[in-house]
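K.L.:
protein_8.tsv is reproduced in full below (TSV, C-alpha atoms).
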```
chain	number	residue	atom	x	y	z
F	527	MET	CA	-7.78	-39.30	-13.69
F	528	PRO	CA	-10.04	-41.91	-12.14
F	529	VAL	CA	-8.20	-45.16	-13.00
F	530	LYS	CA	-4.50	-45.98	-13.21
F	531	ASN	CA	-2.46	-49.19	-13.51
F	532	ILE	CA	0.67	-49.77	-11.46
F	533	SER	CA	3.11	-52.64	-11.42
F	534	VAL	CA	4.47	-54.04	-8.16
F	535	HIS	CA	7.75	-55.93	-8.22
F	536	THR	CA	7.57	-59.20	-6.24
F	537	PRO	CA	10.86	-61.08	-6.63
F	538	HIS	CA	9.72	-63.97	-4.39
F	539	GLN	CA	6.93	-65.20	-2.10
F	540	GLY	CA	5.99	-62.81	0.71
F	541	LEU	CA	4.61	-59.36	1.56
F	542	PHE	CA	5.86	-56.32	-0.35
F	543	ASN	CA	5.09	-52.83	0.93
F	544	PHE	CA	3.93	-50.61	-1.94
F	545	THR	CA	2.32	-47.81	0.09
F	546	GLN	CA	4.54	-45.18	-1.51
F	547	GLN	CA	3.49	-46.15	-5.05
F	548	VAL	CA	-0.17	-45.73	-4.06
F	549	ALA	CA	0.52	-42.48	-2.18
F	550	THR	CA	2.17	-41.03	-5.28
F	551	VAL	CA	-0.89	-41.77	-7.44
F	552	VAL	CA	-3.15	-40.17	-4.81
F	553	ARG	CA	-0.94	-37.08	-4.57
F	554	GLU	CA	-0.87	-36.63	-8.36
F	555	THR	CA	-4.68	-36.38	-8.48
F	556	GLY	CA	-4.61	-33.34	-6.18
F	557	LEU	CA	-7.82	-34.64	-4.58
F	558	ARG	CA	-8.34	-33.50	-0.96
F	559	GLU	CA	-11.07	-35.95	0.06
F	560	GLY	CA	-12.17	-39.14	-1.64
F	561	LEU	CA	-11.69	-42.88	-1.87
F	562	CYS	CA	-8.75	-44.86	-3.24
F	563	THR	CA	-9.65	-48.41	-4.31
F	564	LEU	CA	-7.03	-51.02	-5.18
F	565	PHE	CA	-7.68	-54.16	-7.23
F	566	VAL	CA	-5.09	-56.86	-7.91
F	567	GLN	CA	-5.49	-58.53	-11.33
F	568	HIS	CA	-4.31	-61.98	-10.25
F	569	THR	CA	-5.64	-65.09	-8.51
F	570	SER	CA	-2.31	-66.06	-6.93
F	571	ALA	CA	-1.46	-62.75	-5.24
F	572	SER	CA	-3.51	-60.55	-2.93
F	573	LEU	CA	-3.69	-57.31	-0.96
F	574	VAL	CA	-3.30	-56.83	2.78
F	575	ILE	CA	-2.97	-53.95	5.20
F	576	GLN	CA	-0.43	-54.87	7.85
F	577	GLU	CA	1.93	-53.50	10.47
F	578	ASN	CA	4.73	-51.52	8.83
F	579	ALA	CA	7.02	-51.19	11.85
F	580	ASP	CA	8.43	-54.53	13.01
F	581	PRO	CA	9.42	-56.89	10.15
F	582	SER	CA	8.93	-59.89	12.48
F	583	ALA	CA	5.12	-59.42	12.28
F	584	LYS	CA	5.28	-59.68	8.48
F	585	ARG	CA	7.50	-62.78	8.61
F	586	ASP	CA	5.31	-64.56	11.18
F	587	LEU	CA	2.23	-63.82	9.10
F	588	GLU	CA	3.86	-65.33	5.99
F	589	ARG	CA	5.01	-68.43	7.86
F	590	TRP	CA	1.64	-68.92	9.56
F	591	LEU	CA	-0.25	-68.88	6.26
F	592	ASN	CA	2.32	-71.20	4.66
F	593	ARG	CA	1.68	-73.67	7.46
F	594	LEU	CA	-2.13	-73.36	7.15
F	595	VAL	CA	-2.01	-73.82	3.37
F	596	PRO	CA	0.99	-76.08	2.68
F	597	GLU	CA	2.22	-77.26	-0.69
F	598	ARG	CA	1.75	-80.92	-1.73
F	599	ASP	CA	-1.46	-81.40	0.26
F	600	SER	CA	-2.96	-84.72	-0.88
F	601	LEU	CA	-6.30	-82.93	-1.28
F	602	TYR	CA	-5.06	-80.99	-4.34
F	603	THR	CA	-5.93	-82.20	-7.82
F	604	HIS	CA	-4.98	-78.88	-9.50
F	605	THR	CA	-1.23	-79.54	-9.63
F	606	LEU	CA	-0.16	-79.03	-13.27
F	607	GLU	CA	0.92	-75.42	-12.74
F	608	GLY	CA	3.34	-76.27	-9.92
F	609	ALA	CA	3.22	-77.23	-6.24
F	610	ASP	CA	2.82	-73.59	-5.20
F	611	ASP	CA	-0.13	-72.83	-7.51
F	612	MET	CA	-3.10	-74.31	-5.67
F	613	PRO	CA	-1.90	-72.98	-2.28
F	614	ALA	CA	-1.62	-69.56	-3.96
F	615	HIS	CA	-5.27	-69.67	-5.09
F	616	ILE	CA	-6.43	-70.66	-1.59
F	617	LYS	CA	-4.37	-67.93	0.07
F	618	SER	CA	-5.80	-65.39	-2.36
F	619	ALA	CA	-9.35	-66.45	-1.49
F	620	LEU	CA	-8.63	-66.04	2.24
F	621	THR	CA	-7.17	-62.54	1.85
F	622	ALA	CA	-8.24	-59.48	-0.16
F	623	THR	CA	-8.46	-58.95	-3.93
F	624	SER	CA	-9.74	-55.37	-3.48
F	625	LEU	CA	-9.14	-52.78	-0.76
F	626	ALA	CA	-10.58	-49.30	-0.29
F	627	ILE	CA	-8.79	-46.55	1.64
F	628	PRO	CA	-10.33	-43.11	2.22
F	629	ILE	CA	-8.40	-39.99	1.25
F	630	VAL	CA	-8.32	-37.19	3.87
F	631	ASN	CA	-6.39	-33.93	3.56
F	632	GLY	CA	-4.96	-35.12	0.27
F	633	GLN	CA	-3.47	-38.28	1.81
F	634	LEU	CA	-4.36	-41.94	2.35
F	635	ALA	CA	-6.15	-42.16	5.72
F	636	LEU	CA	-3.98	-45.02	6.96
F	637	GLY	CA	-3.49	-45.64	10.67
F	638	THR	CA	-0.06	-44.95	12.17
F	639	TRP	CA	1.16	-48.54	11.86
F	640	GLN	CA	-0.59	-49.48	8.62
F	641	GLY	CA	1.21	-50.24	5.37
F	642	ILE	CA	-0.31	-51.50	2.09
F	643	TYR	CA	1.19	-54.81	0.98
F	644	LEU	CA	1.10	-56.93	-2.14
F	645	TRP	CA	1.14	-60.53	-0.96
F	646	GLU	CA	2.91	-62.67	-3.53
F	647	HIS	CA	1.81	-66.29	-3.04
F	648	ARG	CA	3.91	-67.94	-5.79
F	649	ARG	CA	7.51	-68.95	-5.07
F	650	HIS	CA	8.79	-67.07	-8.09
F	651	GLY	CA	6.99	-63.75	-8.28
F	652	GLY	CA	7.64	-61.16	-10.92
F	653	GLN	CA	5.56	-58.12	-11.73
F	654	ARG	CA	2.02	-57.90	-10.35
F	655	SER	CA	-0.58	-55.56	-11.80
F	656	VAL	CA	-2.73	-53.43	-9.49
F	657	VAL	CA	-5.50	-51.15	-10.79
F	658	ILE	CA	-6.07	-48.01	-8.72
F	659	HIS	CA	-9.37	-46.14	-8.86
F	660	ILE	CA	-9.62	-42.73	-7.26
F	661	GLY	CA	-13.09	-41.35	-6.66
F	662	ASN	CA	-14.47	-38.35	-4.81
M	669	MET	CA	-28.17	-45.79	-12.55
M	670	PRO	CA	-25.95	-46.09	-9.50
M	671	VAL	CA	-27.43	-49.13	-7.71
M	672	LYS	CA	-28.98	-52.34	-9.02
M	673	ASN	CA	-30.01	-55.66	-7.47
M	674	ILE	CA	-29.26	-58.96	-9.15
M	675	SER	CA	-30.11	-62.49	-8.16
M	676	VAL	CA	-27.59	-65.31	-8.50
M	677	HIS	CA	-28.85	-68.89	-8.75
M	678	THR	CA	-26.93	-71.25	-6.43
M	679	PRO	CA	-28.50	-74.72	-6.63
M	680	HIS	CA	-26.00	-76.23	-4.15
M	681	GLN	CA	-22.83	-75.52	-2.15
M	682	GLY	CA	-19.87	-74.25	-4.18
M	683	LEU	CA	-18.59	-71.45	-6.40
M	684	PHE	CA	-20.83	-70.03	-9.13
M	685	ASN	CA	-19.35	-67.78	-11.81
M	686	PHE	CA	-21.62	-64.75	-12.35
M	687	THR	CA	-19.14	-62.50	-14.16
M	688	GLN	CA	-21.47	-62.14	-17.16
M	689	GLN	CA	-24.36	-60.87	-15.02
M	690	VAL	CA	-22.09	-58.16	-13.58
M	691	ALA	CA	-20.59	-57.33	-17.00
M	692	THR	CA	-24.10	-56.80	-18.39
M	693	VAL	CA	-24.96	-54.30	-15.65
M	694	VAL	CA	-21.70	-52.44	-16.29
M	695	ARG	CA	-22.31	-52.35	-20.05
M	696	GLU	CA	-25.84	-51.00	-19.62
M	697	THR	CA	-24.56	-47.96	-17.71
M	698	GLY	CA	-22.45	-46.92	-20.71
M	699	LEU	CA	-19.78	-45.73	-18.27
M	700	ARG	CA	-16.23	-45.77	-19.70
M	701	GLU	CA	-14.25	-45.45	-16.44
M	702	GLY	CA	-15.39	-45.98	-12.89
M	703	LEU	CA	-15.80	-48.48	-10.08
M	704	CYS	CA	-18.15	-51.45	-9.77
M	705	THR	CA	-18.81	-52.54	-6.18
M	706	LEU	CA	-20.58	-55.80	-5.32
M	707	PHE	CA	-22.23	-56.53	-1.98
M	708	VAL	CA	-23.81	-59.87	-1.05
M	709	GLN	CA	-26.82	-59.52	1.27
M	710	HIS	CA	-26.26	-62.77	3.18
M	711	THR	CA	-24.14	-64.12	6.03
M	712	SER	CA	-23.90	-67.66	4.64
M	713	ALA	CA	-22.65	-66.86	1.13
M	714	SER	CA	-19.76	-64.70	-0.02
M	715	LEU	CA	-17.88	-63.26	-2.99
M	716	VAL	CA	-14.56	-64.37	-4.41
M	717	ILE	CA	-12.44	-63.65	-7.46
M	718	GLN	CA	-10.91	-66.89	-8.66
M	719	GLU	CA	-9.34	-68.65	-11.61
M	720	ASN	CA	-11.89	-69.09	-14.38
M	721	ALA	CA	-9.94	-71.51	-16.57
M	722	ASP	CA	-9.37	-74.89	-14.91
M	723	PRO	CA	-12.38	-76.16	-12.90
M	724	SER	CA	-10.03	-78.24	-10.72
M	725	ALA	CA	-8.83	-75.05	-8.97
M	726	LYS	CA	-12.41	-74.19	-8.02
M	727	ARG	CA	-13.11	-77.72	-6.74
M	728	ASP	CA	-9.90	-77.89	-4.68
M	729	LEU	CA	-10.71	-74.52	-3.13
M	730	GLU	CA	-14.19	-75.70	-2.12
M	731	ARG	CA	-12.86	-78.96	-0.68
M	732	TRP	CA	-10.04	-77.21	1.19
M	733	LEU	CA	-12.41	-74.78	2.92
M	734	ASN	CA	-14.83	-77.60	3.75
M	735	ARG	CA	-11.99	-79.41	5.48
M	736	LEU	CA	-10.87	-76.29	7.37
M	737	VAL	CA	-14.43	-75.52	8.50
M	738	PRO	CA	-16.17	-78.89	8.84
M	739	GLU	CA	-19.76	-79.51	9.86
M	740	ARG	CA	-20.54	-80.99	13.30
M	741	ASP	CA	-17.51	-79.47	15.01
M	742	SER	CA	-18.00	-79.95	18.77
M	743	LEU	CA	-17.12	-76.27	19.23
M	744	TYR	CA	-20.42	-75.14	17.67
M	745	THR	CA	-23.35	-74.17	19.89
M	746	HIS	CA	-25.26	-72.43	17.05
M	747	THR	CA	-26.77	-75.60	15.56
M	748	LEU	CA	-30.55	-75.04	15.37
M	749	GLU	CA	-30.48	-73.87	11.74
M	750	GLY	CA	-28.74	-77.03	10.49
M	751	ALA	CA	-25.27	-78.59	10.52
M	752	ASP	CA	-24.17	-76.45	7.56
M	753	ASP	CA	-25.24	-73.10	9.07
M	754	MET	CA	-22.41	-72.28	11.48
M	755	PRO	CA	-19.71	-73.41	9.00
M	756	ALA	CA	-21.39	-71.10	6.46
M	757	HIS	CA	-21.09	-68.10	8.80
M	758	ILE	CA	-17.41	-68.84	9.46
M	759	LYS	CA	-16.63	-69.30	5.76
M	760	SER	CA	-18.37	-65.99	5.01
M	761	ALA	CA	-16.25	-64.21	7.63
M	762	LEU	CA	-13.05	-65.63	6.07
M	763	THR	CA	-13.95	-64.55	2.53
M	764	ALA	CA	-15.44	-61.34	1.09
M	765	THR	CA	-18.86	-59.75	1.59
M	766	SER	CA	-17.99	-56.82	-0.69
M	767	LEU	CA	-15.69	-56.55	-3.71
M	768	ALA	CA	-14.72	-53.56	-5.83
M	769	ILE	CA	-13.60	-53.85	-9.46
M	770	PRO	CA	-12.50	-50.85	-11.52
M	771	ILE	CA	-14.12	-50.19	-14.90
M	772	VAL	CA	-11.72	-49.38	-17.76
M	773	ASN	CA	-12.73	-48.82	-21.40
M	774	GLY	CA	-16.32	-49.62	-20.48
M	775	GLN	CA	-15.43	-53.04	-19.09
M	776	LEU	CA	-14.59	-54.69	-15.77
M	777	ALA	CA	-10.79	-54.48	-15.34
M	778	LEU	CA	-10.43	-58.17	-14.49
M	779	GLY	CA	-7.17	-60.00	-15.07
M	780	THR	CA	-7.05	-62.61	-17.82
M	781	TRP	CA	-7.77	-65.55	-15.51
M	782	GLN	CA	-10.14	-63.83	-13.08
M	783	GLY	CA	-13.83	-64.65	-12.75
M	784	ILE	CA	-16.31	-63.28	-10.19
M	785	TYR	CA	-17.88	-66.04	-8.09
M	786	LEU	CA	-20.75	-66.28	-5.64
M	787	TRP	CA	-19.64	-68.78	-3.02
M	788	GLU	CA	-22.67	-70.60	-1.67
M	789	HIS	CA	-21.80	-72.05	1.75
M	790	ARG	CA	-25.12	-73.77	2.53
M	791	ARG	CA	-25.78	-77.28	1.23
M	792	HIS	CA	-29.08	-76.23	-0.32
M	793	GLY	CA	-28.59	-72.89	-2.00
M	794	GLY	CA	-31.30	-71.07	-3.86
M	795	GLN	CA	-31.29	-67.48	-4.99
M	796	ARG	CA	-28.70	-65.10	-3.55
M	797	SER	CA	-29.09	-61.35	-3.71
M	798	VAL	CA	-26.16	-59.15	-4.77
M	799	VAL	CA	-26.35	-55.34	-4.81
M	800	ILE	CA	-24.23	-53.67	-7.50
M	801	HIS	CA	-23.14	-50.05	-7.17
M	802	ILE	CA	-21.57	-48.32	-10.16
M	803	GLY	CA	-19.73	-45.09	-9.51
M	804	ASN	CA	-17.52	-42.86	-11.59
N	390	MET	CA	-19.55	-34.56	3.65
N	391	PRO	CA	-17.62	-37.35	1.97
N	392	VAL	CA	-15.39	-38.58	4.84
N	393	LYS	CA	-16.05	-38.91	8.58
N	394	ASN	CA	-14.21	-40.55	11.48
N	395	ILE	CA	-16.05	-42.54	14.11
N	396	SER	CA	-14.80	-44.29	17.22
N	397	VAL	CA	-16.04	-47.74	18.19
N	398	HIS	CA	-15.81	-48.82	21.84
N	399	THR	CA	-14.35	-52.34	22.19
N	400	PRO	CA	-13.96	-53.14	25.89
N	401	HIS	CA	-12.57	-56.64	25.21
N	402	GLN	CA	-11.86	-59.21	22.48
N	403	GLY	CA	-14.85	-60.10	20.28
N	404	LEU	CA	-17.39	-58.74	17.80
N	405	PHE	CA	-19.11	-55.41	18.46
N	406	ASN	CA	-22.14	-54.40	16.42
N	407	PHE	CA	-21.82	-50.76	15.32
N	408	THR	CA	-24.43	-50.75	12.55
N	409	GLN	CA	-26.36	-47.90	14.19
N	410	GLN	CA	-23.31	-45.62	14.26
N	411	VAL	CA	-22.82	-46.16	10.52
N	412	ALA	CA	-26.55	-45.77	9.78
N	413	THR	CA	-26.55	-42.41	11.57
N	414	VAL	CA	-23.68	-41.12	9.42
N	415	VAL	CA	-25.49	-42.28	6.27
N	416	ARG	CA	-28.77	-40.66	7.35
N	417	GLU	CA	-27.06	-37.34	8.10
N	418	THR	CA	-25.76	-37.09	4.53
N	419	GLY	CA	-29.33	-37.16	3.17
N	420	LEU	CA	-28.05	-39.20	0.22
N	421	ARG	CA	-30.69	-41.46	-1.37
N	422	GLU	CA	-28.39	-43.72	-3.41
N	423	GLY	CA	-24.66	-44.23	-3.12
N	424	LEU	CA	-21.91	-46.22	-1.51
N	425	CYS	CA	-20.75	-46.31	2.11
N	426	THR	CA	-17.16	-47.52	2.56
N	427	LEU	CA	-15.69	-48.36	5.97
N	428	PHE	CA	-11.97	-48.54	6.73
N	429	VAL	CA	-10.52	-49.59	10.11
N	430	GLN	CA	-7.26	-47.81	10.96
N	431	HIS	CA	-5.68	-50.72	12.85
N	432	THR	CA	-3.80	-53.96	12.16
N	433	SER	CA	-5.17	-55.80	15.21
N	434	ALA	CA	-8.90	-55.22	14.65
N	435	SER	CA	-11.05	-55.79	11.57
N	436	LEU	CA	-14.51	-55.47	10.02
N	437	VAL	CA	-17.05	-58.21	9.43
N	438	ILE	CA	-20.66	-58.48	8.34
N	439	GLN	CA	-22.35	-61.16	10.40
N	440	GLU	CA	-25.67	-62.50	11.61
N	441	ASN	CA	-27.29	-60.01	13.97
N	442	ALA	CA	-30.04	-62.27	15.32
N	443	ASP	CA	-28.68	-65.16	17.39
N	444	PRO	CA	-25.70	-64.25	19.64
N	445	SER	CA	-24.55	-67.89	19.57
N	446	ALA	CA	-23.38	-67.44	15.95
N	447	LYS	CA	-21.19	-64.53	16.99
N	448	ARG	CA	-19.72	-66.46	19.94
N	449	ASP	CA	-18.98	-69.58	17.88
N	450	LEU	CA	-17.26	-67.44	15.25
N	451	GLU	CA	-15.03	-65.82	17.89
N	452	ARG	CA	-14.15	-69.17	19.47
N	453	TRP	CA	-13.48	-70.82	16.12
N	454	LEU	CA	-11.01	-68.13	15.06
N	455	ASN	CA	-9.33	-68.22	18.48
N	456	ARG	CA	-8.77	-71.93	18.01
N	457	LEU	CA	-7.43	-71.49	14.46
N	458	VAL	CA	-5.06	-68.70	15.53
N	459	PRO	CA	-4.10	-69.47	19.13
N	460	GLU	CA	-1.84	-67.44	21.38
N	461	ARG	CA	1.65	-68.76	22.24
N	462	ASP	CA	2.13	-70.66	18.99
N	463	SER	CA	5.80	-71.68	18.82
N	464	LEU	CA	5.91	-70.30	15.28
N	465	TYR	CA	5.66	-66.69	16.51
N	466	THR	CA	8.80	-64.56	16.84
N	467	HIS	CA	6.87	-61.26	17.09
N	468	THR	CA	6.04	-61.54	20.81
N	469	LEU	CA	7.26	-58.32	22.46
N	470	GLU	CA	3.86	-56.61	22.27
N	471	GLY	CA	2.06	-59.39	24.15
N	472	ALA	CA	0.82	-62.93	23.52
N	473	ASP	CA	-2.34	-61.63	21.84
N	474	ASP	CA	-0.56	-59.31	19.37
N	475	MET	CA	0.65	-61.67	16.64
N	476	PRO	CA	-2.65	-63.63	16.63
N	477	ALA	CA	-4.40	-60.26	16.24
N	478	HIS	CA	-2.35	-59.41	13.13
N	479	ILE	CA	-3.09	-62.80	11.57
N	480	LYS	CA	-6.82	-62.56	12.33
N	481	SER	CA	-6.88	-59.10	10.77
N	482	ALA	CA	-5.24	-60.41	7.59
N	483	LEU	CA	-7.86	-63.20	7.32
N	484	THR	CA	-10.82	-60.82	7.72
N	485	ALA	CA	-11.62	-57.39	6.25
N	486	THR	CA	-9.89	-54.04	6.71
N	487	SER	CA	-12.34	-52.30	4.37
N	488	LEU	CA	-16.00	-52.97	3.56
N	489	ALA	CA	-18.34	-51.29	1.08
N	490	ILE	CA	-22.13	-51.24	1.50
N	491	PRO	CA	-24.45	-49.68	-1.08
N	492	ILE	CA	-26.99	-47.07	0.00
N	493	VAL	CA	-30.54	-47.54	-1.33
N	494	ASN	CA	-33.55	-45.38	-0.44
N	495	GLY	CA	-31.37	-43.41	1.97
N	496	GLN	CA	-30.40	-46.53	3.94
N	497	LEU	CA	-27.62	-49.11	4.09
N	498	ALA	CA	-28.63	-51.96	1.77
N	499	LEU	CA	-27.95	-54.66	4.36
N	500	GLY	CA	-29.70	-58.02	4.19
N	501	THR	CA	-32.29	-58.85	6.84
N	502	TRP	CA	-29.87	-60.70	9.10
N	503	GLN	CA	-26.76	-58.62	8.48
N	504	GLY	CA	-25.08	-56.44	11.08
N	505	ILE	CA	-21.79	-54.54	10.76
N	506	TYR	CA	-19.23	-55.59	13.38
N	507	LEU	CA	-15.91	-54.31	14.61
N	508	TRP	CA	-13.87	-57.38	15.47
N	509	GLU	CA	-11.50	-56.58	18.30
N	510	HIS	CA	-8.64	-59.10	18.24
N	511	ARG	CA	-6.68	-57.84	21.28
N	512	ARG	CA	-7.64	-59.02	24.78
N	513	HIS	CA	-7.87	-55.46	26.06
N	514	GLY	CA	-9.60	-53.37	23.44
N	515	GLY	CA	-10.34	-49.71	23.86
N	516	GLN	CA	-11.42	-47.27	21.20
N	517	ARG	CA	-11.04	-48.25	17.55
N	518	SER	CA	-11.05	-45.69	14.76
N	519	VAL	CA	-13.11	-46.30	11.61
N	520	VAL	CA	-13.09	-43.90	8.65
N	521	ILE	CA	-16.38	-43.72	6.73
N	522	HIS	CA	-16.49	-42.52	3.14
N	523	ILE	CA	-19.84	-41.78	1.55
N	524	GLY	CA	-19.92	-41.45	-2.23
N	525	ASN	CA	-22.68	-41.18	-4.78
```
Take the structure I supplied and represent it as structure tokens, if you would.
P.N.:
Amino acid sequence: MPVKNISVHTPHQGLFNFTQQVATVVRETGLREGLCTLFVQHTSASLVIQENADPSAKRDLERWLNRLVPERDSLYTHTLEGADDMPAHIKSALTATSLAIPIVNGQLALGTWQGIYLWEHRRHGGQRSVVIHIGN
Amino acid sequence: MPVKNISVHTPHQGLFNFTQQVATVVRETGLREGLCTLFVQHTSASLVIQENADPSAKRDLERWLNRLVPERDSLYTHTLEGADDMPAHIKSALTATSLAIPIVNGQLALGTWQGIYLWEHRRHGGQRSVVIHIGN
Amino acid sequence: MPVKNISVHTPHQGLFNFTQQVATVVRETGLREGLCTLFVQHTSASLVIQENADPSAKRDLERWLNRLVPERDSLYTHTLEGADDMPAHIKSALTATSLAIPIVNGQLALGTWQGIYLWEHRRHGGQRSVVIHIGN
């Protein structure tokens, strides 16, 4: 079972923790040691490992990036798909499209405070597709 | 055939779509499922997955990053290699040096609107070297 | 030997070259071709490939990111863990948590000027944990 598709529900802009969905796929392989690689199939959403403890860190991160990459910047010419579309592409370029996490003792080798997040950059999210590859 | 070197032609600063070069390497392996990892061997060029449909998205992204990381910033002390050198290092650090894309049904599992780009950050590009690893 | 943990000493904020530690792990596997994936187990430190020749490039990069993501920004609400904590999370999100480098001829396929750095984003660093996966 090297490759599997999962869908992450993103009802609005922001970070959504989907660590448990990934952990389930890893567990089902039964692999003790290996590498889990995630790839998001979109150019207006991305992947990020962030603190999973205090929700204020997540909120500040979202607000900071929204301030760095605001909507309705006069620089944008790509505006037909909505005011949030071009900022979403820029935010995606500044964050990760793929992420690799080692597997140790049958589990994702995340640090104590690390969670895996889908970062939805559009105002109205939906379902985002992530491809998971598990290798040994 | 796990590792192969390709050269991407970058005649000037900007994003260059080289999806077809990568797809050819994947096809030649005959592998049905696996992982394709790209690594750019430079510190003044990087990798990015971006929208492949409307060229205005690509242009806005280039212009936005050029505004965020301008040339001739008084902060720079590393200036001997040209006014575009230090911005190129910063842009590389903010984007990706390596990217991993799963292989499904013998093809790169890219989303509908995703293309693989070499982002040349120097004003005068040239040939950029990308190492491709294909694993199962 | 697919997965190994190493510790990188980061006595203060900034970039620390740990290419030799990674090269040693690769050499010990005896693998001629493959892929070396690094994963940092923290949300306030990250990974970056940067120029290993002129230290001024490294210093300018550190100063530039400190200016982009300053401490004591009035936007931050996540402040209980210190003035350098929220900037550290943001800097981590903008740079890499995982990095993959192909192995060719038994060695990391780095470009001539590329070094592998642990970027410590906290003022007082310490020991940072990096998980290394080696695959073929």
K.L.:
Within 12 Å of N:Ala434, counting all atoms listed in the file, which residues show up once you throw out same-chain ones fewer than 4 positions away? Write them as a ChimeraX atom specification, please.
P.N.:
/F:575-577,637,640 /N:397-399,401-405,428-430,473-487,506-519
K.L.:
For chain M against chain F, with a cut-off of 10 Å and counting only C-alpha atoms, what is the closest atom pair and its distance in Å to one decimal for every residue that makes the cut, ordered by chain and number, as a tab-separated table?
P.N.:
```
residue	atom	partner	partner_atom	distance
M:Glu701	CA	F:Val529	CA	7.0
M:Gly702	CA	F:Pro528	CA	6.8
M:Leu703	CA	F:His659	CA	7.0
M:Thr705	CA	F:Ser624	CA	9.9
M:Leu715	CA	F:Ala619	CA	9.2
M:Val716	CA	F:Ala619	CA	6.3
M:Ile717	CA	F:Thr569	CA	7.0
M:Gln718	CA	F:Thr569	CA	5.6
M:Glu719	CA	F:Thr569	CA	6.0
M:Asn720	CA	F:Thr569	CA	9.5
M:Asp722	CA	F:His604	CA	8.0
M:Pro723	CA	F:His604	CA	8.6
M:Ser724	CA	F:His604	CA	5.2
M:Ala725	CA	F:His604	CA	5.5
M:Lys726	CA	F:His604	CA	8.9
M:Arg727	CA	F:Thr603	CA	8.5
M:Asp728	CA	F:Tyr602	CA	5.8
M:Leu729	CA	F:Ile616	CA	6.0
M:Glu730	CA	F:Ile616	CA	9.3
M:Arg731	CA	F:Leu601	CA	7.7
M:Trp732	CA	F:Leu601	CA	7.3
M:Leu733	CA	F:Ile616	CA	8.5
M:Arg735	CA	F:Leu601	CA	9.5
M:Leu736	CA	F:Leu594	CA	9.2
M:Lys759	CA	F:Leu620	CA	9.3
M:Ala761	CA	F:Leu620	CA	9.5
M:Leu762	CA	F:Leu620	CA	5.9
M:Thr763	CA	F:Leu620	CA	5.5
M:Ala764	CA	F:Ala622	CA	7.5
M:Ser766	CA	F:Ser624	CA	8.8
M:Leu767	CA	F:Ser624	CA	6.1
M:Ala768	CA	F:Ser624	CA	5.8
M:Ile769	CA	F:Phe565	CA	6.3
M:Pro770	CA	F:His659	CA	6.2
M:Ile771	CA	F:Val529	CA	8.0
M:Val772	CA	F:Val529	CA	7.3
M:Ala777	CA	F:Val657	CA	7.7
M:Leu778	CA	F:Gln567	CA	5.9
M:Gly779	CA	F:Gln567	CA	4.4
M:Thr780	CA	F:Gln567	CA	7.8
M:Trp781	CA	F:His568	CA	7.2
M:Gln782	CA	F:Thr569	CA	6.5
M:Gly783	CA	F:Thr569	CA	9.2
M:Gly803	CA	F:Gly661	CA	8.1
M:Asn804	CA	F:Gly661	CA	6.8
```
K.L.:
Would you mind exporting the chosen residues as a tab-separated table (two decimals), in the frame of the given file, restricted to C-alpha atoms?
P.N.:
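And here is the file that came out, result-v3.tsv:
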```tsv
chain	number	residue	atom	x	y	z
M	701	GLU	CA	-14.25	-45.45	-16.44
M	702	GLY	CA	-15.39	-45.98	-12.89
M	703	LEU	CA	-15.80	-48.48	-10.08
M	705	THR	CA	-18.81	-52.54	-6.18
M	715	LEU	CA	-17.88	-63.26	-2.99
M	716	VAL	CA	-14.56	-64.37	-4.41
M	717	ILE	CA	-12.44	-63.65	-7.46
M	718	GLN	CA	-10.91	-66.89	-8.66
M	719	GLU	CA	-9.34	-68.65	-11.61
M	720	ASN	CA	-11.89	-69.09	-14.38
M	722	ASP	CA	-9.37	-74.89	-14.91
M	723	PRO	CA	-12.38	-76.16	-12.90
M	724	SER	CA	-10.03	-78.24	-10.72
M	725	ALA	CA	-8.83	-75.05	-8.97
M	726	LYS	CA	-12.41	-74.19	-8.02
M	727	ARG	CA	-13.11	-77.72	-6.74
M	728	ASP	CA	-9.90	-77.89	-4.68
M	729	LEU	CA	-10.71	-74.52	-3.13
M	730	GLU	CA	-14.19	-75.70	-2.12
M	731	ARG	CA	-12.86	-78.96	-0.68
M	732	TRP	CA	-10.04	-77.21	1.19
M	733	LEU	CA	-12.41	-74.78	2.92
M	735	ARG	CA	-11.99	-79.41	5.48
M	736	LEU	CA	-10.87	-76.29	7.37
M	759	LYS	CA	-16.63	-69.30	5.76
M	761	ALA	CA	-16.25	-64.21	7.63
M	762	LEU	CA	-13.05	-65.63	6.07
M	763	THR	CA	-13.95	-64.55	2.53
M	764	ALA	CA	-15.44	-61.34	1.09
M	766	SER	CA	-17.99	-56.82	-0.69
M	767	LEU	CA	-15.69	-56.55	-3.71
M	768	ALA	CA	-14.72	-53.56	-5.83
M	769	ILE	CA	-13.60	-53.85	-9.46
M	770	PRO	CA	-12.50	-50.85	-11.52
M	771	ILE	CA	-14.12	-50.19	-14.90
M	772	VAL	CA	-11.72	-49.38	-17.76
M	777	ALA	CA	-10.79	-54.48	-15.34
M	778	LEU	CA	-10.43	-58.17	-14.49
M	779	GLY	CA	-7.17	-60.00	-15.07
M	780	THR	CA	-7.05	-62.61	-17.82
M	781	TRP	CA	-7.77	-65.55	-15.51
M	782	GLN	CA	-10.14	-63.83	-13.08
M	783	GLY	CA	-13.83	-64.65	-12.75
M	803	GLY	CA	-19.73	-45.09	-9.51
M	804	ASN	CA	-17.52	-42.86	-11.59
```
K.L.:
Grab the atom CA of M:Ala721 to atom CA of F:Gly608 distance for me, in Å with one decimal place.
P.N.:
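Answer for the atom CA of M:Ala721 to atom CA of F:Gly608 separation: 15.6 Å.
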K.L.:
When you draw a straight line from atom CA of N:Asn494 to atom CA of M:Gln775, how long is it in Å?
P.N.:
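Value for the atom CA of N:Asn494-atom CA of M:Gln775 distance: 27.1 Å.
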